[in-house]
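Pasted below: my_file-v7.txt, compact mmCIF, C-alpha atoms.
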# COMPACT_ATOMS: atom_id res chain seq x y z
CA MET A 6 75.67 143.01 -33.79
CA THR A 7 74.57 139.52 -34.79
CA ALA A 8 73.11 138.57 -38.17
CA GLU A 9 69.74 138.05 -36.47
CA GLN A 10 69.87 141.53 -34.96
CA ALA A 11 70.78 143.06 -38.29
CA ALA A 12 67.90 141.28 -40.03
CA ALA A 13 65.45 142.57 -37.43
CA HIS A 14 65.97 146.05 -38.87
CA ASN A 15 64.95 148.16 -35.89
CA PRO A 16 63.48 151.42 -37.26
CA ASP A 17 64.19 153.14 -33.93
CA TRP A 18 67.92 152.46 -34.06
CA ASN A 19 69.85 155.61 -33.24
CA TYR A 20 73.55 156.08 -33.89
CA GLU A 21 74.14 158.61 -31.12
CA SER A 22 72.56 156.35 -28.49
CA TRP A 23 74.49 153.35 -29.76
CA ALA A 24 77.78 155.23 -29.87
CA GLN A 25 77.54 156.23 -26.20
CA PHE A 26 78.10 152.61 -25.21
CA GLN A 27 80.99 151.84 -27.51
CA ASP A 28 84.64 151.65 -26.64
CA TRP A 29 85.72 154.60 -28.78
CA PRO A 30 89.50 154.03 -28.47
CA LYS A 31 89.03 150.69 -30.24
CA TRP A 32 86.70 152.03 -32.92
CA TRP A 33 87.28 154.82 -35.46
CA THR A 34 88.13 157.23 -32.59
CA ASP A 35 87.55 160.96 -32.50
CA ALA A 36 90.69 161.36 -34.62
CA TRP A 37 88.55 160.15 -37.52
CA LEU A 38 84.93 160.91 -36.66
CA ARG A 39 82.83 163.66 -35.17
CA THR A 40 81.63 161.96 -32.03
CA PRO A 41 78.30 162.57 -30.29
CA ALA A 42 80.22 163.88 -27.27
CA GLU A 43 81.83 166.66 -29.30
CA SER A 44 80.14 169.97 -29.97
CA TRP A 45 79.59 170.84 -33.63
CA ASP A 46 77.96 173.76 -35.35
CA GLN A 47 74.76 172.11 -36.57
CA THR A 48 74.13 174.99 -38.97
CA ASP A 49 77.31 174.29 -40.95
CA LYS A 50 76.52 171.55 -43.44
CA GLN A 51 80.17 170.66 -43.96
CA THR A 52 80.92 169.96 -40.31
CA MET A 53 77.55 168.98 -38.86
CA THR A 54 76.61 165.40 -37.95
CA LEU A 55 73.71 164.76 -40.32
CA TYR A 56 70.84 163.08 -38.48
CA GLY A 57 73.38 162.03 -35.88
CA LEU A 58 75.15 159.73 -38.34
CA PRO A 59 78.92 159.18 -38.08
CA ASP A 60 80.83 161.71 -40.15
CA PHE A 61 84.49 161.67 -41.14
CA LYS A 62 86.42 164.84 -40.35
CA ASP A 63 87.13 165.51 -44.00
CA GLU A 64 88.54 168.97 -43.31
CA LYS A 65 91.28 167.48 -41.13
CA THR A 66 94.80 167.54 -42.60
CA GLU A 67 96.79 165.97 -39.74
CA ARG A 68 97.90 162.37 -40.24
CA VAL A 69 96.09 159.62 -38.37
CA LYS A 70 96.71 155.93 -37.84
CA LEU A 71 94.30 153.23 -38.90
CA PRO A 72 91.78 152.35 -36.19
CA ILE A 73 92.50 149.28 -34.08
CA PHE A 74 89.32 147.47 -35.06
CA LEU A 75 90.19 147.69 -38.77
CA LYS A 76 93.66 146.24 -38.24
CA GLU A 77 92.17 143.43 -36.13
CA LYS A 78 89.55 142.72 -38.78
CA TRP A 79 92.16 142.46 -41.50
CA ALA A 80 94.38 140.26 -39.33
CA GLN A 81 91.48 137.88 -38.62
CA GLU A 82 90.67 137.53 -42.29
CA GLY A 83 94.04 135.97 -43.00
CA ALA A 84 94.92 134.01 -46.10
CA SER A 85 91.65 132.04 -46.07
CA ASN A 86 89.69 135.15 -47.05
CA ASP A 87 92.32 136.61 -49.32
CA ALA A 88 90.09 136.03 -52.35
CA TRP A 89 87.72 138.64 -50.96
CA VAL A 90 90.39 141.32 -50.79
CA ASN A 91 90.42 143.90 -53.56
CA PRO A 92 93.92 143.37 -55.01
CA SER A 93 94.28 147.06 -55.85
CA ALA A 94 93.62 147.92 -52.19
CA ARG A 95 95.88 145.34 -50.56
CA HIS A 96 98.83 147.72 -50.33
CA LEU A 97 96.60 150.23 -48.53
CA ARG A 98 96.12 148.01 -45.47
CA LYS A 99 98.68 149.84 -43.35
CA ASP A 100 99.25 153.17 -41.67
CA MET A 101 99.94 155.96 -44.12
CA PRO A 102 100.99 159.59 -43.59
CA TRP A 103 97.43 160.61 -44.37
CA ALA A 104 94.44 162.42 -42.93
CA PRO A 105 91.09 160.55 -42.70
CA ALA A 106 89.76 161.72 -46.08
CA ASP A 107 93.02 160.74 -47.79
CA TYR A 108 92.51 157.13 -46.69
CA VAL A 109 88.87 157.08 -47.75
CA ILE A 110 89.62 158.53 -51.18
CA ALA A 111 92.44 156.04 -51.76
CA TRP A 112 90.17 153.14 -50.79
CA ILE A 113 87.44 154.34 -53.14
CA ALA A 114 89.86 154.88 -56.02
CA SER A 115 91.22 151.35 -55.57
CA TRP A 116 87.84 149.97 -56.68
CA VAL A 117 88.04 152.10 -59.80
CA GLU A 118 91.54 150.79 -60.52
CA GLU A 119 90.50 147.18 -60.00
CA PHE A 120 87.16 147.09 -61.82
CA GLY A 121 87.15 150.01 -64.26
CA ILE A 122 84.25 151.82 -62.61
CA ASP A 123 83.86 155.00 -64.64
CA GLY A 124 81.52 157.14 -62.58
CA PHE A 125 79.86 157.76 -59.21
CA ARG A 126 76.64 159.28 -57.98
CA CYS A 127 77.61 161.14 -54.81
CA ASP A 128 74.94 161.68 -52.18
CA ILE A 129 74.31 164.99 -50.36
CA VAL A 130 77.39 166.61 -51.88
CA GLU A 131 76.98 169.89 -50.01
CA TYR A 132 77.91 168.11 -46.76
CA VAL A 133 81.48 167.42 -47.93
CA HIS A 134 84.19 170.03 -48.44
CA GLY A 135 84.67 170.85 -52.12
CA ASP A 136 88.41 170.27 -52.20
CA ARG A 137 87.80 166.66 -51.15
CA TRP A 138 85.43 166.12 -54.08
CA ARG A 139 88.11 167.43 -56.39
CA GLN A 140 90.67 165.15 -54.77
CA LEU A 141 88.34 162.18 -55.31
CA TYR A 142 87.75 163.16 -58.93
CA ASP A 143 91.49 163.44 -59.65
CA ALA A 144 92.27 160.16 -57.86
CA CYS A 145 89.55 158.30 -59.76
CA ASN A 146 90.76 159.63 -63.10
CA LEU A 147 94.26 158.35 -62.36
CA ALA A 148 92.85 155.00 -61.24
CA LEU A 149 90.64 154.68 -64.33
CA ASP A 150 93.61 155.40 -66.55
CA LYS A 151 95.53 152.58 -64.81
CA TRP A 152 92.63 150.20 -65.39
CA ARG A 153 92.40 151.09 -69.08
CA LYS A 154 96.13 150.52 -69.59
CA ALA A 155 95.96 147.22 -67.70
CA HIS A 156 93.02 145.92 -69.80
CA PRO A 157 93.89 146.73 -73.43
CA ASP A 158 91.60 143.98 -74.76
CA ASP A 159 88.51 145.30 -73.01
CA PRO A 160 86.34 147.49 -75.30
CA ALA A 161 86.02 150.04 -72.50
CA SER A 162 89.78 150.54 -72.48
CA THR A 163 89.46 152.57 -75.68
CA TRP A 164 87.10 155.09 -74.10
CA THR A 165 88.65 158.47 -73.43
CA ASP A 166 85.90 160.03 -71.33
CA ALA A 167 86.94 161.45 -67.98
CA PHE A 168 85.61 159.91 -64.79
CA TYR A 169 81.96 160.93 -64.36
CA LEU A 170 80.63 162.51 -61.17
CA THR A 171 77.01 163.42 -60.57
CA GLY A 172 75.70 164.60 -57.23
CA ASP A 173 72.60 164.69 -55.09
CA PHE A 174 72.38 168.33 -54.03
CA ASP A 175 69.22 169.02 -52.01
CA ASN A 176 66.42 170.18 -54.34
CA ALA A 177 68.79 170.77 -57.25
CA TYR A 178 67.34 171.61 -60.67
CA ILE A 179 69.23 172.04 -63.98
CA ASP A 180 70.99 175.23 -62.92
CA TYR A 181 74.73 175.40 -63.50
CA LYS A 182 76.83 175.10 -60.34
CA PRO A 183 80.27 176.46 -61.25
CA ASP A 184 81.89 175.52 -57.93
CA TYR A 185 80.85 171.89 -58.31
CA ALA A 186 81.86 171.89 -61.97
CA ASN A 187 85.34 172.92 -60.78
CA TYR A 188 85.27 170.06 -58.28
CA GLY A 189 84.80 167.61 -61.18
CA PHE A 190 81.02 167.21 -61.33
CA SER A 191 79.20 167.12 -64.65
CA SER A 192 75.69 167.36 -63.23
CA MET A 193 73.42 167.37 -60.22
CA VAL A 194 70.39 165.09 -59.99
CA ASN A 195 67.35 167.01 -61.27
CA PHE A 196 64.64 166.77 -58.61
CA TYR A 197 62.13 168.61 -60.77
CA PHE A 198 61.86 166.55 -63.92
CA PRO A 199 58.09 166.34 -64.67
CA LYS A 200 56.62 163.04 -63.53
CA ARG A 201 53.14 163.06 -65.10
CA GLY A 202 54.00 162.10 -68.66
CA ASP A 203 52.54 165.40 -69.90
CA LEU A 204 53.10 165.27 -73.65
CA ASP A 205 51.34 168.61 -74.12
CA GLY A 206 53.93 170.42 -72.02
CA ILE A 207 57.16 168.46 -72.47
CA VAL A 208 58.56 170.18 -75.59
CA PRO A 209 59.28 173.52 -73.83
CA VAL A 210 60.76 171.64 -70.87
CA TRP A 211 63.11 169.81 -73.20
CA ARG A 212 64.00 173.16 -74.77
CA MET A 213 65.06 174.57 -71.38
CA TYR A 214 67.27 171.55 -70.77
CA ALA A 215 68.87 171.71 -74.22
CA ASP A 216 69.48 175.45 -73.90
CA SER A 217 71.16 174.93 -70.53
CA ILE A 218 73.48 172.30 -71.99
CA ALA A 219 74.38 174.60 -74.87
CA ALA A 220 75.11 177.46 -72.48
CA HIS A 221 77.35 175.38 -70.19
CA PRO A 222 79.40 172.78 -72.10
CA GLY A 223 80.33 169.90 -69.85
CA TRP A 224 77.31 170.46 -67.58
CA HIS A 225 73.88 168.94 -68.13
CA SER A 226 70.65 167.86 -66.50
CA PHE A 227 70.44 164.44 -64.83
CA ASN A 228 66.80 163.37 -65.01
CA TYR A 229 64.81 160.60 -63.35
CA LEU A 230 61.21 159.51 -62.73
CA ASN A 231 61.52 157.49 -59.51
CA ASN A 232 64.31 156.71 -57.08
CA SER A 233 64.99 154.77 -53.91
CA TYR A 234 63.02 157.07 -51.64
CA HIS A 235 60.40 158.64 -53.92
CA ARG A 236 57.73 157.03 -56.08
CA ASP A 237 56.71 160.20 -57.92
CA ALA A 238 55.88 159.15 -61.47
CA ASP A 239 52.30 158.63 -62.62
CA PHE A 240 52.06 154.86 -62.36
CA ALA A 241 49.00 154.81 -64.64
CA ASN A 242 50.82 156.73 -67.39
CA MET A 243 54.27 155.17 -67.41
CA THR A 244 54.36 154.85 -71.20
CA ASP A 245 54.24 158.62 -71.67
CA CYS A 246 56.45 159.15 -68.61
CA LEU A 247 59.17 157.02 -70.18
CA THR A 248 58.78 158.89 -73.47
CA THR A 249 59.38 162.23 -71.76
CA LEU A 250 62.38 160.84 -69.86
CA LEU A 251 64.16 158.83 -72.55
CA LEU A 252 63.86 161.60 -75.14
CA SER A 253 65.05 164.30 -72.76
CA PRO A 254 68.34 166.21 -73.17
CA GLY A 255 71.00 165.30 -70.63
CA VAL A 256 71.17 162.04 -68.69
CA ALA A 257 68.12 159.77 -68.38
CA GLN A 258 68.34 157.64 -65.24
CA LEU A 259 66.05 154.62 -64.93
CA PHE A 260 65.26 153.32 -61.47
CA TYR A 261 64.84 149.56 -61.58
CA GLY A 262 61.25 148.61 -62.28
CA ASP A 263 60.28 151.85 -64.01
CA GLU A 264 60.61 149.94 -67.26
CA THR A 265 58.25 147.15 -66.11
CA ARG A 266 55.61 149.15 -64.18
CA ARG A 267 56.88 147.90 -60.83
CA ASP A 268 54.34 149.09 -58.29
CA VAL A 269 55.07 149.37 -54.58
CA SER A 270 52.43 146.68 -54.04
CA HIS A 271 54.72 144.34 -56.01
CA CYS A 272 57.58 144.80 -53.55
CA PRO A 273 58.13 141.79 -51.30
CA ALA A 274 57.63 142.42 -47.59
CA LEU A 275 61.21 141.79 -46.55
CA GLN A 276 62.41 142.12 -42.98
CA ASN A 277 65.04 144.68 -43.85
CA VAL A 278 62.90 147.05 -45.94
CA ASP A 279 61.12 150.02 -44.42
CA SER A 280 57.44 150.00 -45.32
CA ASP A 281 57.68 153.57 -46.61
CA GLN A 282 60.81 152.79 -48.65
CA ALA A 283 59.72 149.51 -50.21
CA PHE A 284 61.10 150.71 -53.57
CA ARG A 285 64.42 149.29 -52.36
CA ALA A 286 63.02 145.75 -52.27
CA ASP A 287 63.86 142.97 -54.70
CA MET A 288 62.77 143.22 -58.32
CA ASP A 289 59.41 141.54 -58.89
CA TRP A 290 60.07 139.30 -61.88
CA ASP A 291 56.55 137.85 -61.82
CA ASN A 292 54.83 141.15 -62.63
CA ILE A 293 56.46 142.40 -65.82
CA ASP A 294 54.56 144.74 -68.13
CA VAL A 295 56.00 143.41 -71.38
CA ASN A 296 54.52 146.17 -73.54
CA LEU A 297 56.03 148.87 -71.36
CA LEU A 298 59.37 147.06 -71.30
CA ASN A 299 59.36 146.88 -75.10
CA HIS A 300 58.60 150.61 -75.28
CA CYS A 301 61.49 151.40 -72.95
CA GLN A 302 63.89 149.15 -74.86
CA LYS A 303 62.90 150.70 -78.18
CA LEU A 304 63.47 154.25 -76.94
CA GLY A 305 66.72 153.21 -75.26
CA GLN A 306 68.07 151.71 -78.47
CA ILE A 307 67.15 154.83 -80.43
CA ARG A 308 68.73 157.06 -77.79
CA ARG A 309 71.96 155.06 -77.83
CA SER A 310 72.14 155.13 -81.64
CA HIS A 311 71.48 158.88 -81.76
CA PRO A 312 73.44 160.78 -79.07
CA VAL A 313 71.94 163.99 -80.49
CA ILE A 314 68.87 163.23 -78.38
CA ALA A 315 70.90 163.82 -75.22
CA THR A 316 73.35 166.46 -76.41
CA GLY A 317 71.87 168.32 -79.36
CA ARG A 318 70.49 171.81 -79.70
CA GLN A 319 66.71 172.00 -79.81
CA ILE A 320 64.46 173.92 -82.21
CA THR A 321 60.75 174.00 -81.45
CA LEU A 322 58.57 173.54 -84.55
CA ASN A 323 55.18 173.49 -82.82
CA PRO A 324 53.82 172.63 -79.34
CA HIS A 325 54.24 168.89 -80.00
CA THR A 326 57.19 168.87 -82.41
CA CYS A 327 60.87 169.73 -82.01
CA ALA A 328 64.19 169.03 -83.66
CA ARG A 329 67.48 167.98 -82.05
CA ILE A 330 70.50 169.08 -84.01
CA SER A 331 74.24 168.44 -83.85
CA ASP A 332 77.06 168.61 -86.37
CA ASN A 333 76.55 164.92 -87.16
CA ASP A 334 72.84 164.25 -86.81
CA THR A 335 69.37 165.78 -86.95
CA LEU A 336 66.17 164.26 -85.60
CA ILE A 337 62.55 165.39 -85.47
CA ILE A 338 60.66 164.33 -82.34
CA ARG A 339 56.87 164.44 -82.43
CA VAL A 340 54.72 163.55 -79.42
CA LYS A 341 50.99 162.84 -79.77
CA PRO A 342 51.24 162.41 -83.54
CA ILE A 343 47.98 162.07 -85.51
CA PRO A 344 47.69 159.51 -88.32
CA ASN A 345 47.96 161.17 -91.75
CA ASP A 346 48.37 164.60 -90.13
CA PRO A 347 51.37 166.48 -91.63
CA ILE A 348 54.40 166.88 -89.39
CA PRO A 349 56.52 169.98 -90.17
CA VAL A 350 60.16 169.19 -90.99
CA SER A 351 61.20 172.23 -93.06
CA PRO A 352 63.75 173.76 -93.34
CA LEU A 353 65.68 170.93 -91.72
CA PHE A 354 64.75 168.38 -94.38
CA PRO A 355 64.01 169.50 -97.98
CA ASP A 356 61.30 168.07 -100.21
CA GLY A 357 62.14 164.69 -101.70
CA ILE A 358 64.16 163.46 -98.71
CA VAL A 359 62.85 160.16 -97.32
CA LEU A 360 62.42 160.15 -93.53
CA THR A 361 62.14 157.10 -91.32
CA ASP A 362 60.09 156.93 -88.14
CA LEU A 363 62.71 155.19 -86.02
CA TYR A 364 60.05 153.88 -83.64
CA THR A 365 57.97 151.99 -86.23
CA GLY A 366 60.38 151.72 -89.16
CA ARG A 367 57.86 153.34 -91.51
CA GLN A 368 59.20 155.66 -94.21
CA SER A 369 57.74 158.70 -95.93
CA PRO A 370 59.05 161.34 -98.37
CA VAL A 371 59.02 165.04 -97.51
CA LYS A 372 56.35 166.94 -99.47
CA ASN A 373 55.64 170.63 -99.09
CA GLY A 374 57.88 170.76 -96.03
CA THR A 375 56.00 168.02 -94.17
CA VAL A 376 55.77 164.26 -93.79
CA SER A 377 52.82 162.12 -92.78
CA PHE A 378 52.35 158.52 -91.74
CA PRO A 379 49.22 156.35 -91.65
CA SER A 380 49.79 155.21 -88.08
CA PHE A 381 52.04 155.56 -85.02
CA GLN A 382 52.75 153.66 -81.83
CA ASN A 383 52.72 154.78 -78.21
CA ASN A 384 52.14 158.48 -78.88
CA VAL A 385 55.55 159.21 -80.36
CA ALA A 386 57.40 159.53 -83.66
CA ILE A 387 61.15 160.03 -84.08
CA LEU A 388 62.08 161.02 -87.61
CA ALA A 389 65.52 160.70 -89.18
CA LYS A 390 66.94 160.86 -92.67
CA GLN A 391 66.98 157.48 -94.39
CA ARG A 392 70.47 155.98 -94.14
Step by step, read the file and then write its structure as structure tokens.
Amino acid sequence: MTAEQAAAHNPDWNYESWAQFQDWPKWWTDAWLRTPAESWDQTDKQTMTLYGLPDFKDEKTERVKLPIFLKEKWAQEGASNDAWVNPSARHLRKDMPWAPADYVIAWIASWVEEFGIDGFRCDIVEYVHGDRWRQLYDACNLALDKWRKAHPDDPASTWTDAFYLTGDFDNAYIDYKPDYANYGFSSMVNFYFPKRGDLDGIVPVWRMYADSIAAHPGWHSFNYLNNSYHRDADFANMTDCLTTLLLSPGVAQLFYGDETRRDVSHCPALQNVDSDQAFRADMDWDNIDVNLLNHCQKLGQIRRSHPVIATGRQITLNPHTCARISDNDTLIIRVKPIPNDPIPVSPLFPDGIVLTDLYTGRQSPVKNGTVSFPSFQNNVAILAKQR
């Protein structure tokens, strides 16, 4: 395929039709891939060819040789393109006593070893055999450990967290998936995080998420507003949407442009972008909602400084007020606060304690089990003990 053909981005392109005209012995071969000519049980997610796309035979355990085209490609690159070769993968450019998935996992782990990548989001995880996910997880942990030892001066070398895996499991919620936890996953992408910015209903949703985290240590929700193929959030209410997301327990994932109110109409009409998936287009730097960006940055800074927001236990104080609690920190979160209206903080903070609204910087002492402030910003207050 030429560069011009690739840029044309034919929406009717079909892998199975294309593959019928290829010289299979010179390509990946049926030793590696499920070919269109082979018969597969299309009801078995782990061996089916999804939408007719090429699929490695990850259940295969017999050794295979590298495909001819890959060896020819590497030979043509030669020394002139050596700078483009991942140094940690150079020793993998030869036949190994491996099955197809063993090669793929080694290639992936080499990027972790070279660049210190510390986590992956894995798409449609139910279409891959679980033992292969575990193999990937173990290989990436070994590779990350090598990177940390090889880069002692890098601040990230002091981190001790295990390699992070999250997965896209069709229509997953926050429910615990013990099999995938055993494979090395810490979460599945939460397809059902509320996208309307409903401040009247978010406190009990947060409570469900926090309770789930408490019940299953090491497993948590992975929340988002928009992604590459869905524009679900209420575009007119992104301020409140970001409040509900960035103060949620678990992981808060921002899709680029959510923080600047990037509308689909702002997406450039590029040749290689489907009209119904224009979210994947370039960032529109000429249409930045500065106020929304500032709101997102403020919440992000607070979230980073107070991990209890993501990991703490939650106590509900009233329909708009809750507390997040850990052994090291306690915060009160109030949505839709009313100027001069008392916010309950007892028994978490006794009378006389001075609390700071982390969003505005205003301070107020606790009186009669409550605090009040003369004004708020962007429908939210986050209260912490004065440090």
Note to self: So that I can see what lies close to Asp60 in chain A, please list as a PyMOL selection string the residues with an atom at most 8 Å from it, counting all atoms listed in the file and leaving out residues fewer than 3 positions away in the same chain.
What the structure shows: chain A and resi 38-39+54-55
Pull C-alpha atoms from the residues just selected and write them as a compact mmCIF listing (two decimals), keeping the file's coordinate frame.
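Written file, out05.txt:
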# COMPACT_ATOMS: atom_id res chain seq x y z
CA LEU A 38 84.93 160.91 -36.66
CA ARG A 39 82.83 163.66 -35.17
CA THR A 54 76.61 165.40 -37.95
CA LEU A 55 73.71 164.76 -40.32
Which residues are close to Ile113 in chain A, i.e. within 9 Å by only C-alpha atoms, leaving aside same-chain residues fewer than 5 positions away? Reply as a PDB file with C-alpha atoms, in the coordinates of the input.
ATOM      1  CA  ALA A  94      93.620 147.920 -52.190  1.00  0.00           C
ATOM      2  CA  TYR A 108      92.510 157.130 -46.690  1.00  0.00           C
ATOM      3  CA  LEU A 141      88.340 162.180 -55.310  1.00  0.00           C
ATOM      4  CA  ALA A 144      92.270 160.160 -57.860  1.00  0.00           C
ATOM      5  CA  CYS A 145      89.550 158.300 -59.760  1.00  0.00           C
TER       6      CYS A 145
END
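The smallest atom-to-atom distance between Leu388 in chain A and any of A:Thr361, A:Ser369, A:Thr375, A:Asn228, using all atoms listed in the file, is found for A:Thr361.
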Margin query: For Leu149 in chain A, find every residue with an atom within 6 Å (counting all atoms listed in the file), except residues of its own chain fewer than 2 positions away, and show them as a ChimeraX atom specification.
Written below: /A:117-118,121,145-147,151-152
Check: Near Arg329 in chain A, within 9 Å and counting all atoms listed in the file, which residues show up once chain neighbours fewer than 4 positions away are dropped, as a VMD selection string?
Finding: chain A and resid 215 313 to 320 334 to 338
Take the residues that were just selected and, keeping C-alpha atoms, output them as a PDB file, in the frame of the given file.
ATOM      1  CA  ALA A 215      68.870 171.710 -74.220  1.00  0.00           C
ATOM      2  CA  VAL A 313      71.940 163.990 -80.490  1.00  0.00           C
ATOM      3  CA  ILE A 314      68.870 163.230 -78.380  1.00  0.00           C
ATOM      4  CA  ALA A 315      70.900 163.820 -75.220  1.00  0.00           C
ATOM      5  CA  THR A 316      73.350 166.460 -76.410  1.00  0.00           C
ATOM      6  CA  GLY A 317      71.870 168.320 -79.360  1.00  0.00           C
ATOM      7  CA  ARG A 318      70.490 171.810 -79.700  1.00  0.00           C
ATOM      8  CA  GLN A 319      66.710 172.000 -79.810  1.00  0.00           C
ATOM      9  CA  ILE A 320      64.460 173.920 -82.210  1.00  0.00           C
ATOM     10  CA  ASP A 334      72.840 164.250 -86.810  1.00  0.00           C
ATOM     11  CA  THR A 335      69.370 165.780 -86.950  1.00  0.00           C
ATOM     12  CA  LEU A 336      66.170 164.260 -85.600  1.00  0.00           C
ATOM     13  CA  ILE A 337      62.550 165.390 -85.470  1.00  0.00           C
ATOM     14  CA  ILE A 338      60.660 164.330 -82.340  1.00  0.00           C
TER      15      ILE A 338
END
Margin query: Using Å and a single decimal, report how far CA of Val130 in chain A sits from CA of Trp45 in chain A.
Written below: 18.9 Å
Item checked: Contact residues around Gln368 in chain A with only C-alpha atoms at 9 Å, ignoring same-chain residues under 2 positions, as a PyMOL selection string -> chain A and resi 359-363+365-366+370+378+388+391
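Put simply, CA of Asp294 in chain A is 25.5 Å away from CA of Phe227 in chain A.
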Margin query: Report, in Å with one decimal, the straight-line distance from CA of Ile179 in chain A to CA of Asn232 in chain A.
Written below: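 Those two atoms sit 17.5 Å apart.
The closest residue to Val256 in chain A, picked from A:Pro344, A:Pro209, A:Pro312, A:Gly202 and counting all atoms listed in the file, is A:Pro312.
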Checklist line | Polymer residues at most 12 Å from (53.8, 150.8, -57.1) by all atoms listed in the file, as a PyMOL selection string | finding: chain A and resi 231+235-241+243+261-263+265-273+281-286+288-289+292
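Using only C-alpha atoms, the protein and nucleic acid residues lying at most 9 Å from the point (57.4, 159.4, -67.4) are Pro199, Lys200, Arg201, Gly202, Asp203, Tyr229, Leu230, Ala238, Asp239, Phe240, Asn242, Met243, Thr244, Asp245, Cys246, Leu247, Thr248, Thr249, Leu250, Leu251 and Asp263 of chain A.
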